[in-house]
Amino acid sequence: MAALSSNLFIVLSILCLSWFSFSEAEKGGFSVELIHRDSPKSPFYNPQETPYQRVTKAICRSFNNINRFDPTHVSPNAAEADIISNNGEYLMNISIGTPPVEILAIADTGSDLVWTQCKPCSDCFEQDAPLFDPKRSSTYRDVSCSSSQCSSLDRTSCSPDTQTCEYSVSYGDRSFSNGNLAVETVTLGSTNGRPVALPRTVIGCGHNDGGTFDSKTSGIIGLGGGDVSLTRQMGSSIDGKFSYCLIPFGSETSKVSKLNFGGRAVVSGSGSVSTPLVAKEPSTFYFLTLESISVGKKAIPFEGSSFGSSEGNIIIDSGTTLTILPEQYASDLLAAISESIDANPVKDPQGFLDLCYEATEDFKVPDVTVQFSGAELKLSPSNLFIGVSEGVVCCTFKGLQDNAIYGNLHQMNFLVGYDTQEQTVSFKPTDCTKN
């Protein structure tokens, strides 16, 4: 599943009596609770799993989701909503239609189209919730083949009988959705308890869908940079701004991450730094420029990846757990980190990660700094190492082919803000459990 694929999470209830318009919401912006997939607040929570089993599954999801960022497999195509991470993705609980029907879908920064399974469903994956029935919504409208909405999405075709625009999307893990492109009212929750209605939002009404989807989900909420993503469609109403603050693994169960839009998404003040968003294809992904990573005073220049050797050489993705780097660069970086650690190296019990140690009380890690263009980020020990089993911690950098993805473990306890109008991503060290 696409990026922001491989790993973070939320849940939202919008069964409220009071509503307000998007124009009202934009005045002060709005926020969403992000609930980790493995939190007791998530419907996916398994109380039988240990914290280490949850970490291992999150790491596995990083590897499973890498294909979505492969350029050869990608099709260029103030509010809140709860997001829960499922299989390396976040989930959003939003409502579609009039009257609103609540759906739970994967929140994906690595894809654009918002779609859900709809009646009639000729060949769909199993889902627990009832299918959305467009005939029961007074605001649902199919999009015509001649419309600008139809031409804004790749891989569309025209129904010879109805002249309705039909879409087809696929993902790196071979999941897919086919159906009718439509406009519909999408409703997001808000932390103030007053849902925000977004009329005439372009969505996909899926009639033929399959792949790796869980029965608790019913589709995808695309949060990427393309024209039909939810964030792009919100556009000027949120001044092109959204941000999130991700709490670390193992935080108190009463604490949740936040997703902010509009005025509440501004990242500024002491400690904040910004780096340019680089516009390149596919426009779905958020490209940054990584210049180097330093271990202590030793800077290791980054010479590029499959995304390029200079500008836009790495993707930032909240849906990928690890930070993935080209294999040779990762090898050099891990060697430098290893040289700076005085501890007993051990093997990862699961065989996924390459630099692991016994987790003793006096285990100390070196200063590691990530240098993006114009923005220097100092990683904390909890960003850099994570417990994978009793008494074992492993480094959260991983070499994999020629990929470069800045994952969510290195974004935790940072307020991360995207400004698609100014074309920047900003970071501010923050205790996200108090944000």
# chains A, B, ... in the order shown; residues from 1 in each chain; ligands from 1

$ closest_atom_pairs --of "segment 269-289 of chain A" --to "segment 101-124 of chain A" --cutoff "12 Å" --atoms "only C-alpha atoms" --output "tab-separated table"
residue	atom	partner	partner_atom	distance
A:Pro282	CA	A:Ser111	CA	9.9
A:Ser283	CA	A:Asp112	CA	9.3
A:Thr284	CA	A:Ser111	CA	5.9
A:Phe285	CA	A:Gly110	CA	5.8
A:Tyr286	CA	A:Gly110	CA	8.4
A:Phe287	CA	A:Gly110	CA	11.2

$ residues_around --residues "segment 412-422 of chain A" --least-positions-apart "3" --cutoff "6 Å" --atoms "only C-alpha atoms" --output "list in words"
Gly240, Lys241, Phe242, Ser243, Tyr244, Cys245, Leu246, Ile247, Pro248, Val267, Leu409, Val425, Ser426, Phe427, Lys428, Pro429, Thr430, Asp431 and Cys432 of chain A

$ residues_around --residues "Thr98 of chain A" --least-positions-apart "5" --cutoff "6 Å" --atoms "only C-alpha atoms" --output "PDB file with N, CA, C and O atoms, in the first residue's frame"
ATOM      1  N   SER A 137     -27.752   7.855  -0.941  1.00  0.00           N
ATOM      2  CA  SER A 137     -27.181   9.158  -0.623  1.00  0.00           C
ATOM      3  C   SER A 137     -27.731  10.221  -1.567  1.00  0.00           C
ATOM      4  O   SER A 137     -27.687  10.065  -2.793  1.00  0.00           O
ATOM      5  N   SER A 138     -28.204  11.320  -0.995  1.00  0.00           N
ATOM      6  CA  SER A 138     -28.785  12.397  -1.815  1.00  0.00           C
ATOM      7  C   SER A 138     -27.714  13.275  -2.449  1.00  0.00           C
ATOM      8  O   SER A 138     -28.029  14.095  -3.327  1.00  0.00           O
ATOM      9  N   THR A 139     -26.440  13.124  -2.035  1.00  0.00           N
ATOM     10  CA  THR A 139     -25.377  13.987  -2.559  1.00  0.00           C
ATOM     11  C   THR A 139     -24.403  13.257  -3.478  1.00  0.00           C
ATOM     12  O   THR A 139     -23.439  13.854  -3.960  1.00  0.00           O
TER      13      THR A 139
END

$ residues_around --residues "segment 326-336 of chain A" --least-positions-apart "5" --cutoff "7 Å" --atoms "only C-alpha atoms" --output "ChimeraX atom specification"
/A:295,305,355,397-404

$ write_last_selection --atoms "C-alpha atoms" --output "PDB file, in the first residue's frame"
ATOM      1  CA  VAL A 295      27.613  10.133  13.584  1.00  0.00           C
ATOM      2  CA  SER A 305      19.092   6.695  -4.466  1.00  0.00           C
ATOM      3  CA  LEU A 355      22.913  -3.691  14.075  1.00  0.00           C
ATOM      4  CA  PHE A 397      18.230   2.333   9.786  1.00  0.00           C
ATOM      5  CA  LYS A 398      17.978  -0.438   7.190  1.00  0.00           C
ATOM      6  CA  GLY A 399      19.677  -0.932   3.841  1.00  0.00           C
ATOM      7  CA  LEU A 400      17.404  -2.208   1.084  1.00  0.00           C
ATOM      8  CA  GLN A 401      18.379  -2.170  -2.588  1.00  0.00           C
ATOM      9  CA  ASP A 402      18.608   1.460  -3.776  1.00  0.00           C
ATOM     10  CA  ASN A 403      15.601   2.806  -1.845  1.00  0.00           C
ATOM     11  CA  ALA A 404      15.465   5.918   0.344  1.00  0.00           C
TER      12      ALA A 404
END

$ atom_distance --atom1 "atom CA of Glu184 of chain A" --atom2 "atom CA of Thr201 of chain A"
5.3 Å

$ atom_distance --atom1 "atom CA of Ser190 of chain A" --atom2 "atom CA of Arg264 of chain A"
11.7 Å

$ closest_residue --among "A:Ser338, A:Ser389, A:Thr369, A:Asn260" --to "Gly296 of chain A" --atoms "only C-alpha atoms"
A:Thr369

$ residues_around --residues "Leu384 of chain A" --least-positions-apart "3" --cutoff "7 Å" --atoms "only C-alpha atoms" --output "list in words"
Leu379, Ser380, Pro381, Cys395 and Thr396 of chain A

$ write_last_selection --atoms "N, CA, C and O atoms" --output "PDB file, in the first residue's frame"
ATOM      1  N   LEU A 379      18.606  13.055  16.108  1.00  0.00           N
ATOM      2  CA  LEU A 379      17.771  11.940  16.536  1.00  0.00           C
ATOM      3  C   LEU A 379      18.018  11.617  18.001  1.00  0.00           C
ATOM      4  O   LEU A 379      19.157  11.652  18.471  1.00  0.00           O
ATOM      5  N   SER A 380      16.956  11.292  18.715  1.00  0.00           N
ATOM      6  CA  SER A 380      17.084  10.864  20.106  1.00  0.00           C
ATOM      7  C   SER A 380      17.409   9.374  20.141  1.00  0.00           C
ATOM      8  O   SER A 380      17.242   8.663  19.132  1.00  0.00           O
ATOM      9  N   PRO A 381      17.868   8.839  21.279  1.00  0.00           N
ATOM     10  CA  PRO A 381      18.106   7.392  21.366  1.00  0.00           C
ATOM     11  C   PRO A 381      16.875   6.564  21.015  1.00  0.00           C
ATOM     12  O   PRO A 381      17.008   5.499  20.411  1.00  0.00           O
ATOM     13  N   CYS A 395      19.164  -1.002  15.706  1.00  0.00           N
ATOM     14  CA  CYS A 395      19.174   0.291  15.027  1.00  0.00           C
ATOM     15  C   CYS A 395      18.066   0.346  13.980  1.00  0.00           C
ATOM     16  O   CYS A 395      17.789  -0.647  13.292  1.00  0.00           O
ATOM     17  N   THR A 396      17.451   1.528  13.838  1.00  0.00           N
ATOM     18  CA  THR A 396      16.262   1.685  13.003  1.00  0.00           C
ATOM     19  C   THR A 396      16.566   2.158  11.587  1.00  0.00           C
ATOM     20  O   THR A 396      15.661   2.538  10.852  1.00  0.00           O
TER      21      THR A 396
END

$ select_by_dssp --residues "segment 259-393 of chain A" --states "helix (DSSP H, G or I)" --output "number ranges by chain"
A: 262-265, 327-339, 381-384

$ atom_distance --atom1 "atom CA of Phe44 of chain A" --atom2 "atom CA of Gln127 of chain A"
13.9 Å

$ select_by_dssp --residues "segment 220-364 of chain A" --states "strand (DSSP E)" --output "NGL selection string"
:A and (220-222 or 241-245 or 257-261 or 273-276 or 287-288 or 290-295 or 298-301 or 314-316 or 323-325 or 345-346 or 356-358)

$ residues_around --residues "Gly97 of chain A" --least-positions-apart "6" --cutoff "12 Å" --atoms "only C-alpha atoms" --output "list in words"
Ile103, Thr116, Cys118, Phe132, Asp133, Pro134, Lys135, Arg136, Ser137, Ser138, Thr139, Tyr140, Arg141, Ala182, Val183, Glu184, Thr185, Val186, Thr187, Leu188, Ala197, Leu198, Pro199, Arg200, Thr201, Val202, Ile203 and Cys205 of chain A

$ write_last_selection --atoms "N, CA, C and O atoms" --output "mmCIF file, in the first residue's frame"
data_model
loop_
_atom_site.group_PDB
_atom_site.id
_atom_site.type_symbol
_atom_site.label_atom_id
_atom_site.label_comp_id
_atom_site.auth_asym_id
_atom_site.auth_seq_id
_atom_site.Cartn_x
_atom_site.Cartn_y
_atom_site.Cartn_z
ATOM 1 N N ILE A 103 -17.198 4.979 7.525
ATOM 2 C CA ILE A 103 -16.351 3.924 6.958
ATOM 3 C C ILE A 103 -14.977 3.997 7.620
ATOM 4 O O ILE A 103 -14.549 5.047 8.087
ATOM 5 N N THR A 116 -13.949 3.785 -1.537
ATOM 6 C CA THR A 116 -14.522 2.803 -0.635
ATOM 7 C C THR A 116 -15.303 1.778 -1.443
ATOM 8 O O THR A 116 -15.706 2.047 -2.577
ATOM 9 N N CYS A 118 -18.420 -0.231 -2.684
ATOM 10 C CA CYS A 118 -19.804 0.215 -2.860
ATOM 11 C C CYS A 118 -20.696 -0.911 -3.379
ATOM 12 O O CYS A 118 -20.218 -1.845 -4.038
ATOM 13 N N PHE A 132 -21.124 0.699 1.292
ATOM 14 C CA PHE A 132 -21.767 1.984 1.019
ATOM 15 C C PHE A 132 -22.690 1.836 -0.182
ATOM 16 O O PHE A 132 -22.316 1.284 -1.214
ATOM 17 N N ASP A 133 -23.928 2.328 -0.052
ATOM 18 C CA ASP A 133 -24.913 2.251 -1.126
ATOM 19 C C ASP A 133 -25.137 3.648 -1.684
ATOM 20 O O ASP A 133 -25.817 4.475 -1.065
ATOM 21 N N PRO A 134 -24.575 3.955 -2.869
ATOM 22 C CA PRO A 134 -24.702 5.313 -3.408
ATOM 23 C C PRO A 134 -26.150 5.709 -3.697
ATOM 24 O O PRO A 134 -26.475 6.898 -3.702
ATOM 25 N N LYS A 135 -27.027 4.738 -3.910
ATOM 26 C CA LYS A 135 -28.427 5.060 -4.200
ATOM 27 C C LYS A 135 -29.144 5.628 -2.983
ATOM 28 O O LYS A 135 -30.199 6.262 -3.115
ATOM 29 N N ARG A 136 -28.583 5.423 -1.800
ATOM 30 C CA ARG A 136 -29.208 5.922 -0.574
ATOM 31 C C ARG A 136 -28.681 7.299 -0.164
ATOM 32 O O ARG A 136 -29.096 7.836 0.861
ATOM 33 N N SER A 137 -27.752 7.855 -0.941
ATOM 34 C CA SER A 137 -27.181 9.158 -0.623
ATOM 35 C C SER A 137 -27.731 10.221 -1.567
ATOM 36 O O SER A 137 -27.687 10.065 -2.793
ATOM 37 N N SER A 138 -28.204 11.320 -0.995
ATOM 38 C CA SER A 138 -28.785 12.397 -1.815
ATOM 39 C C SER A 138 -27.714 13.275 -2.449
ATOM 40 O O SER A 138 -28.029 14.095 -3.327
ATOM 41 N N THR A 139 -26.440 13.124 -2.035
ATOM 42 C CA THR A 139 -25.377 13.987 -2.559
ATOM 43 C C THR A 139 -24.403 13.257 -3.478
ATOM 44 O O THR A 139 -23.439 13.854 -3.960
ATOM 45 N N TYR A 140 -24.646 12.000 -3.745
ATOM 46 C CA TYR A 140 -23.755 11.222 -4.616
ATOM 47 C C TYR A 140 -24.034 11.534 -6.083
ATOM 48 O O TYR A 140 -25.197 11.545 -6.520
ATOM 49 N N ARG A 141 -22.974 11.775 -6.856
ATOM 50 C CA ARG A 141 -23.117 11.994 -8.296
ATOM 51 C C ARG A 141 -21.958 11.312 -9.016
ATOM 52 O O ARG A 141 -20.784 11.574 -8.704
ATOM 53 N N ALA A 182 -16.731 9.494 -8.725
ATOM 54 C CA ALA A 182 -17.926 10.248 -8.335
ATOM 55 C C ALA A 182 -17.526 11.462 -7.507
ATOM 56 O O ALA A 182 -16.373 11.620 -7.101
ATOM 57 N N VAL A 183 -18.492 12.350 -7.268
ATOM 58 C CA VAL A 183 -18.329 13.414 -6.268
ATOM 59 C C VAL A 183 -19.345 13.146 -5.170
ATOM 60 O O VAL A 183 -20.476 12.722 -5.430
ATOM 61 N N GLU A 184 -18.927 13.379 -3.929
ATOM 62 C CA GLU A 184 -19.755 13.047 -2.782
ATOM 63 C C GLU A 184 -19.325 13.893 -1.583
ATOM 64 O O GLU A 184 -18.188 14.402 -1.531
ATOM 65 N N THR A 185 -20.195 14.029 -0.621
ATOM 66 C CA THR A 185 -19.848 14.731 0.613
ATOM 67 C C THR A 185 -19.067 13.795 1.527
ATOM 68 O O THR A 185 -19.534 12.694 1.840
ATOM 69 N N VAL A 186 -17.870 14.238 1.922
ATOM 70 C CA VAL A 186 -17.040 13.497 2.872
ATOM 71 C C VAL A 186 -17.029 14.294 4.173
ATOM 72 O O VAL A 186 -16.849 15.516 4.162
ATOM 73 N N THR A 187 -17.237 13.619 5.287
ATOM 74 C CA THR A 187 -17.304 14.297 6.583
ATOM 75 C C THR A 187 -16.186 13.807 7.494
ATOM 76 O O THR A 187 -16.014 12.604 7.685
ATOM 77 N N LEU A 188 -15.430 14.777 8.025
ATOM 78 C CA LEU A 188 -14.351 14.480 8.956
ATOM 79 C C LEU A 188 -14.768 14.895 10.360
ATOM 80 O O LEU A 188 -15.512 15.858 10.532
ATOM 81 N N ALA A 197 -17.961 19.009 7.150
ATOM 82 C CA ALA A 197 -18.438 18.435 5.894
ATOM 83 C C ALA A 197 -17.674 19.024 4.712
ATOM 84 O O ALA A 197 -17.509 20.242 4.604
ATOM 85 N N LEU A 198 -17.202 18.160 3.802
ATOM 86 C CA LEU A 198 -16.476 18.566 2.596
ATOM 87 C C LEU A 198 -17.301 18.176 1.380
ATOM 88 O O LEU A 198 -17.227 17.037 0.898
ATOM 89 N N PRO A 199 -18.144 19.073 0.862
ATOM 90 C CA PRO A 199 -19.018 18.718 -0.263
ATOM 91 C C PRO A 199 -18.250 18.545 -1.569
ATOM 92 O O PRO A 199 -17.156 19.079 -1.739
ATOM 93 N N ARG A 200 -18.813 17.760 -2.470
ATOM 94 C CA ARG A 200 -18.298 17.558 -3.826
ATOM 95 C C ARG A 200 -16.826 17.141 -3.843
ATOM 96 O O ARG A 200 -16.021 17.626 -4.635
ATOM 97 N N THR A 201 -16.507 16.222 -2.950
ATOM 98 C CA THR A 201 -15.167 15.634 -2.940
ATOM 99 C C THR A 201 -15.115 14.486 -3.948
ATOM 100 O O THR A 201 -16.023 13.652 -3.992
ATOM 101 N N VAL A 202 -14.072 14.445 -4.760
ATOM 102 C CA VAL A 202 -13.920 13.360 -5.725
ATOM 103 C C VAL A 202 -13.553 12.082 -4.979
ATOM 104 O O VAL A 202 -12.590 12.054 -4.205
ATOM 105 N N ILE A 203 -14.326 11.027 -5.205
ATOM 106 C CA ILE A 203 -14.062 9.729 -4.577
ATOM 107 C C ILE A 203 -14.203 8.628 -5.619
ATOM 108 O O ILE A 203 -14.751 8.837 -6.701
ATOM 109 N N CYS A 205 -15.918 4.879 -6.150
ATOM 110 C CA CYS A 205 -16.924 3.950 -5.629
ATOM 111 C C CYS A 205 -16.560 2.576 -6.193
ATOM 112 O O CYS A 205 -16.835 2.259 -7.361
#

$ closest_residue --among "A:Ser148, A:Asn180, A:Gln423, A:Ser236" --to "Lys280 of chain A" --atoms "only C-alpha atoms"
A:Gln423

$ residues_around --residues "Gly304 of chain A" --least-positions-apart "3" --cutoff "9 Å" --atoms "only C-alpha atoms" --output "number ranges by chain"
A: 290-291, 307-311, 313-314, 326, 402, 404

$ closest_residue --among "A:Ile337, A:Ser318, A:Gly204, A:Lys347" --to "Ser257 of chain A" --atoms "only C-alpha atoms"
A:Ser318

$ decode --residues "segment 85-128 of chain A" --atoms "N, CA and C atoms" --output "PDB file, in the first residue's frame"
ATOM      1  N   SER A  85      -3.449   2.461  12.589  1.00  0.00           N
ATOM      2  CA  SER A  85      -2.532   1.780  11.694  1.00  0.00           C
ATOM      3  C   SER A  85      -2.899   0.324  11.556  1.00  0.00           C
ATOM      4  N   ASN A  86      -3.087  -0.125  10.329  1.00  0.00           N
ATOM      5  CA  ASN A  86      -3.411  -1.521  10.073  1.00  0.00           C
ATOM      6  C   ASN A  86      -2.446  -2.054   9.041  1.00  0.00           C
ATOM      7  N   ASN A  87      -1.718  -3.115   9.392  1.00  0.00           N
ATOM      8  CA  ASN A  87      -0.762  -3.716   8.462  1.00  0.00           C
ATOM      9  C   ASN A  87       0.209  -2.688   7.903  1.00  0.00           C
ATOM     10  N   GLY A  88       0.714  -1.836   8.771  1.00  0.00           N
ATOM     11  CA  GLY A  88       1.706  -0.861   8.347  1.00  0.00           C
ATOM     12  C   GLY A  88       1.096   0.415   7.862  1.00  0.00           C
ATOM     13  N   GLU A  89      -0.225   0.506   7.794  1.00  0.00           N
ATOM     14  CA  GLU A  89      -0.886   1.717   7.363  1.00  0.00           C
ATOM     15  C   GLU A  89      -1.664   2.318   8.528  1.00  0.00           C
ATOM     16  N   TYR A  90      -2.059   3.580   8.358  1.00  0.00           N
ATOM     17  CA  TYR A  90      -2.993   4.178   9.296  1.00  0.00           C
ATOM     18  C   TYR A  90      -4.393   3.974   8.757  1.00  0.00           C
ATOM     19  N   LEU A  91      -5.336   4.018   9.664  1.00  0.00           N
ATOM     20  CA  LEU A  91      -6.725   3.960   9.239  1.00  0.00           C
ATOM     21  C   LEU A  91      -7.426   5.241   9.641  1.00  0.00           C
ATOM     22  N   MET A  92      -8.338   5.675   8.805  1.00  0.00           N
ATOM     23  CA  MET A  92      -9.167   6.827   9.141  1.00  0.00           C
ATOM     24  C   MET A  92     -10.617   6.395   9.196  1.00  0.00           C
ATOM     25  N   ASN A  93     -11.271   6.877  10.206  1.00  0.00           N
ATOM     26  CA  ASN A  93     -12.702   6.672  10.312  1.00  0.00           C
ATOM     27  C   ASN A  93     -13.357   7.967   9.869  1.00  0.00           C
ATOM     28  N   ILE A  94     -13.978   7.961   8.683  1.00  0.00           N
ATOM     29  CA  ILE A  94     -14.640   9.150   8.163  1.00  0.00           C
ATOM     30  C   ILE A  94     -16.061   8.753   7.768  1.00  0.00           C
ATOM     31  N   SER A  95     -16.837   9.728   7.319  1.00  0.00           N
ATOM     32  CA  SER A  95     -18.186   9.429   6.838  1.00  0.00           C
ATOM     33  C   SER A  95     -18.335   9.893   5.404  1.00  0.00           C
ATOM     34  N   ILE A  96     -19.133   9.146   4.644  1.00  0.00           N
ATOM     35  CA  ILE A  96     -19.388   9.455   3.242  1.00  0.00           C
ATOM     36  C   ILE A  96     -20.896   9.508   3.013  1.00  0.00           C
ATOM     37  N   GLY A  97     -21.328  10.499   2.238  1.00  0.00           N
ATOM     38  CA  GLY A  97     -22.723  10.546   1.811  1.00  0.00           C
ATOM     39  C   GLY A  97     -23.627  11.378   2.702  1.00  0.00           C
ATOM     40  N   THR A  98     -24.890  11.478   2.249  1.00  0.00           N
ATOM     41  CA  THR A  98     -25.953  12.180   2.981  1.00  0.00           C
ATOM     42  C   THR A  98     -27.210  11.316   2.966  1.00  0.00           C
ATOM     43  N   PRO A  99     -27.644  10.755   4.109  1.00  0.00           N
ATOM     44  CA  PRO A  99     -27.032  10.897   5.432  1.00  0.00           C
ATOM     45  C   PRO A  99     -25.663  10.218   5.482  1.00  0.00           C
ATOM     46  N   PRO A 100     -24.798  10.662   6.400  1.00  0.00           N
ATOM     47  CA  PRO A 100     -23.419  10.142   6.441  1.00  0.00           C
ATOM     48  C   PRO A 100     -23.353   8.686   6.881  1.00  0.00           C
ATOM     49  N   VAL A 101     -22.515   7.926   6.173  1.00  0.00           N
ATOM     50  CA  VAL A 101     -22.262   6.522   6.504  1.00  0.00           C
ATOM     51  C   VAL A 101     -20.803   6.412   6.906  1.00  0.00           C
ATOM     52  N   GLU A 102     -20.538   5.938   8.118  1.00  0.00           N
ATOM     53  CA  GLU A 102     -19.174   5.862   8.615  1.00  0.00           C
ATOM     54  C   GLU A 102     -18.432   4.701   7.962  1.00  0.00           C
ATOM     55  N   ILE A 103     -17.198   4.979   7.525  1.00  0.00           N
ATOM     56  CA  ILE A 103     -16.351   3.924   6.958  1.00  0.00           C
ATOM     57  C   ILE A 103     -14.977   3.997   7.620  1.00  0.00           C
ATOM     58  N   LEU A 104     -14.295   2.870   7.648  1.00  0.00           N
ATOM     59  CA  LEU A 104     -12.932   2.788   8.157  1.00  0.00           C
ATOM     60  C   LEU A 104     -12.036   2.418   6.988  1.00  0.00           C
ATOM     61  N   ALA A 105     -11.102   3.300   6.642  1.00  0.00           N
ATOM     62  CA  ALA A 105     -10.265   3.075   5.473  1.00  0.00           C
ATOM     63  C   ALA A 105      -8.812   3.382   5.797  1.00  0.00           C
ATOM     64  N   ILE A 106      -7.911   2.832   5.003  1.00  0.00           N
ATOM     65  CA  ILE A 106      -6.476   3.026   5.199  1.00  0.00           C
ATOM     66  C   ILE A 106      -6.102   4.454   4.804  1.00  0.00           C
ATOM     67  N   ALA A 107      -5.468   5.188   5.716  1.00  0.00           N
ATOM     68  CA  ALA A 107      -4.974   6.534   5.429  1.00  0.00           C
ATOM     69  C   ALA A 107      -3.571   6.405   4.859  1.00  0.00           C
ATOM     70  N   ASP A 108      -3.423   6.786   3.597  1.00  0.00           N
ATOM     71  CA  ASP A 108      -2.215   6.443   2.861  1.00  0.00           C
ATOM     72  C   ASP A 108      -1.585   7.670   2.221  1.00  0.00           C
ATOM     73  N   THR A 109      -0.435   8.102   2.747  1.00  0.00           N
ATOM     74  CA  THR A 109       0.260   9.237   2.155  1.00  0.00           C
ATOM     75  C   THR A 109       0.988   8.854   0.868  1.00  0.00           C
ATOM     76  N   GLY A 110       0.950   7.596   0.508  1.00  0.00           N
ATOM     77  CA  GLY A 110       1.609   7.137  -0.700  1.00  0.00           C
ATOM     78  C   GLY A 110       0.652   6.905  -1.848  1.00  0.00           C
ATOM     79  N   SER A 111      -0.606   7.351  -1.718  1.00  0.00           N
ATOM     80  CA  SER A 111      -1.543   7.272  -2.836  1.00  0.00           C
ATOM     81  C   SER A 111      -2.480   8.468  -2.774  1.00  0.00           C
ATOM     82  N   ASP A 112      -3.286   8.653  -3.808  1.00  0.00           N
ATOM     83  CA  ASP A 112      -4.086   9.869  -3.918  1.00  0.00           C
ATOM     84  C   ASP A 112      -5.595   9.655  -3.788  1.00  0.00           C
ATOM     85  N   LEU A 113      -6.142   8.721  -4.528  1.00  0.00           N
ATOM     86  CA  LEU A 113      -7.599   8.610  -4.608  1.00  0.00           C
ATOM     87  C   LEU A 113      -8.218   8.154  -3.288  1.00  0.00           C
ATOM     88  N   VAL A 114      -9.325   8.791  -2.919  1.00  0.00           N
ATOM     89  CA  VAL A 114     -10.162   8.335  -1.814  1.00  0.00           C
ATOM     90  C   VAL A 114     -11.200   7.385  -2.396  1.00  0.00           C
ATOM     91  N   TRP A 115     -11.240   6.129  -1.918  1.00  0.00           N
ATOM     92  CA  TRP A 115     -12.251   5.215  -2.437  1.00  0.00           C
ATOM     93  C   TRP A 115     -12.730   4.273  -1.350  1.00  0.00           C
ATOM     94  N   THR A 116     -13.949   3.785  -1.537  1.00  0.00           N
ATOM     95  CA  THR A 116     -14.522   2.803  -0.635  1.00  0.00           C
ATOM     96  C   THR A 116     -15.303   1.778  -1.443  1.00  0.00           C
ATOM     97  N   GLN A 117     -15.505   0.614  -0.894  1.00  0.00           N
ATOM     98  CA  GLN A 117     -16.299  -0.402  -1.575  1.00  0.00           C
ATOM     99  C   GLN A 117     -17.777   0.004  -1.569  1.00  0.00           C
ATOM    100  N   CYS A 118     -18.420  -0.231  -2.684  1.00  0.00           N
ATOM    101  CA  CYS A 118     -19.804   0.215  -2.860  1.00  0.00           C
ATOM    102  C   CYS A 118     -20.696  -0.911  -3.379  1.00  0.00           C
ATOM    103  N   LYS A 119     -21.977  -0.785  -3.121  1.00  0.00           N
ATOM    104  CA  LYS A 119     -22.969  -1.642  -3.754  1.00  0.00           C
ATOM    105  C   LYS A 119     -23.223  -1.143  -5.172  1.00  0.00           C
ATOM    106  N   PRO A 120     -23.488  -2.011  -6.140  1.00  0.00           N
ATOM    107  CA  PRO A 120     -23.286  -3.463  -6.054  1.00  0.00           C
ATOM    108  C   PRO A 120     -21.807  -3.795  -6.199  1.00  0.00           C
ATOM    109  N   CYS A 121     -21.341  -4.794  -5.475  1.00  0.00           N
ATOM    110  CA  CYS A 121     -19.935  -5.170  -5.520  1.00  0.00           C
ATOM    111  C   CYS A 121     -19.818  -6.529  -6.204  1.00  0.00           C
ATOM    112  N   SER A 122     -19.356  -6.509  -7.451  1.00  0.00           N
ATOM    113  CA  SER A 122     -19.312  -7.742  -8.237  1.00  0.00           C
ATOM    114  C   SER A 122     -18.231  -8.695  -7.730  1.00  0.00           C
ATOM    115  N   ASP A 123     -17.103  -8.143  -7.278  1.00  0.00           N
ATOM    116  CA  ASP A 123     -15.995  -8.985  -6.808  1.00  0.00           C
ATOM    117  C   ASP A 123     -15.171  -8.154  -5.835  1.00  0.00           C
ATOM    118  N   CYS A 124     -15.476  -8.239  -4.551  1.00  0.00           N
ATOM    119  CA  CYS A 124     -14.845  -7.384  -3.546  1.00  0.00           C
ATOM    120  C   CYS A 124     -14.217  -8.216  -2.440  1.00  0.00           C
ATOM    121  N   PHE A 125     -13.289  -7.599  -1.709  1.00  0.00           N
ATOM    122  CA  PHE A 125     -12.734  -8.277  -0.553  1.00  0.00           C
ATOM    123  C   PHE A 125     -13.761  -8.220   0.589  1.00  0.00           C
ATOM    124  N   GLU A 126     -13.655  -9.170   1.493  1.00  0.00           N
ATOM    125  CA  GLU A 126     -14.604  -9.242   2.598  1.00  0.00           C
ATOM    126  C   GLU A 126     -14.393  -8.075   3.557  1.00  0.00           C
ATOM    127  N   GLN A 127     -15.486  -7.417   3.952  1.00  0.00           N
ATOM    128  CA  GLN A 127     -15.397  -6.371   4.953  1.00  0.00           C
ATOM    129  C   GLN A 127     -16.507  -6.560   5.982  1.00  0.00           C
ATOM    130  N   ASP A 128     -16.205  -6.192   7.235  1.00  0.00           N
ATOM    131  CA  ASP A 128     -17.161  -6.390   8.316  1.00  0.00           C
ATOM    132  C   ASP A 128     -18.331  -5.422   8.231  1.00  0.00           C
TER     133      ASP A 128
END
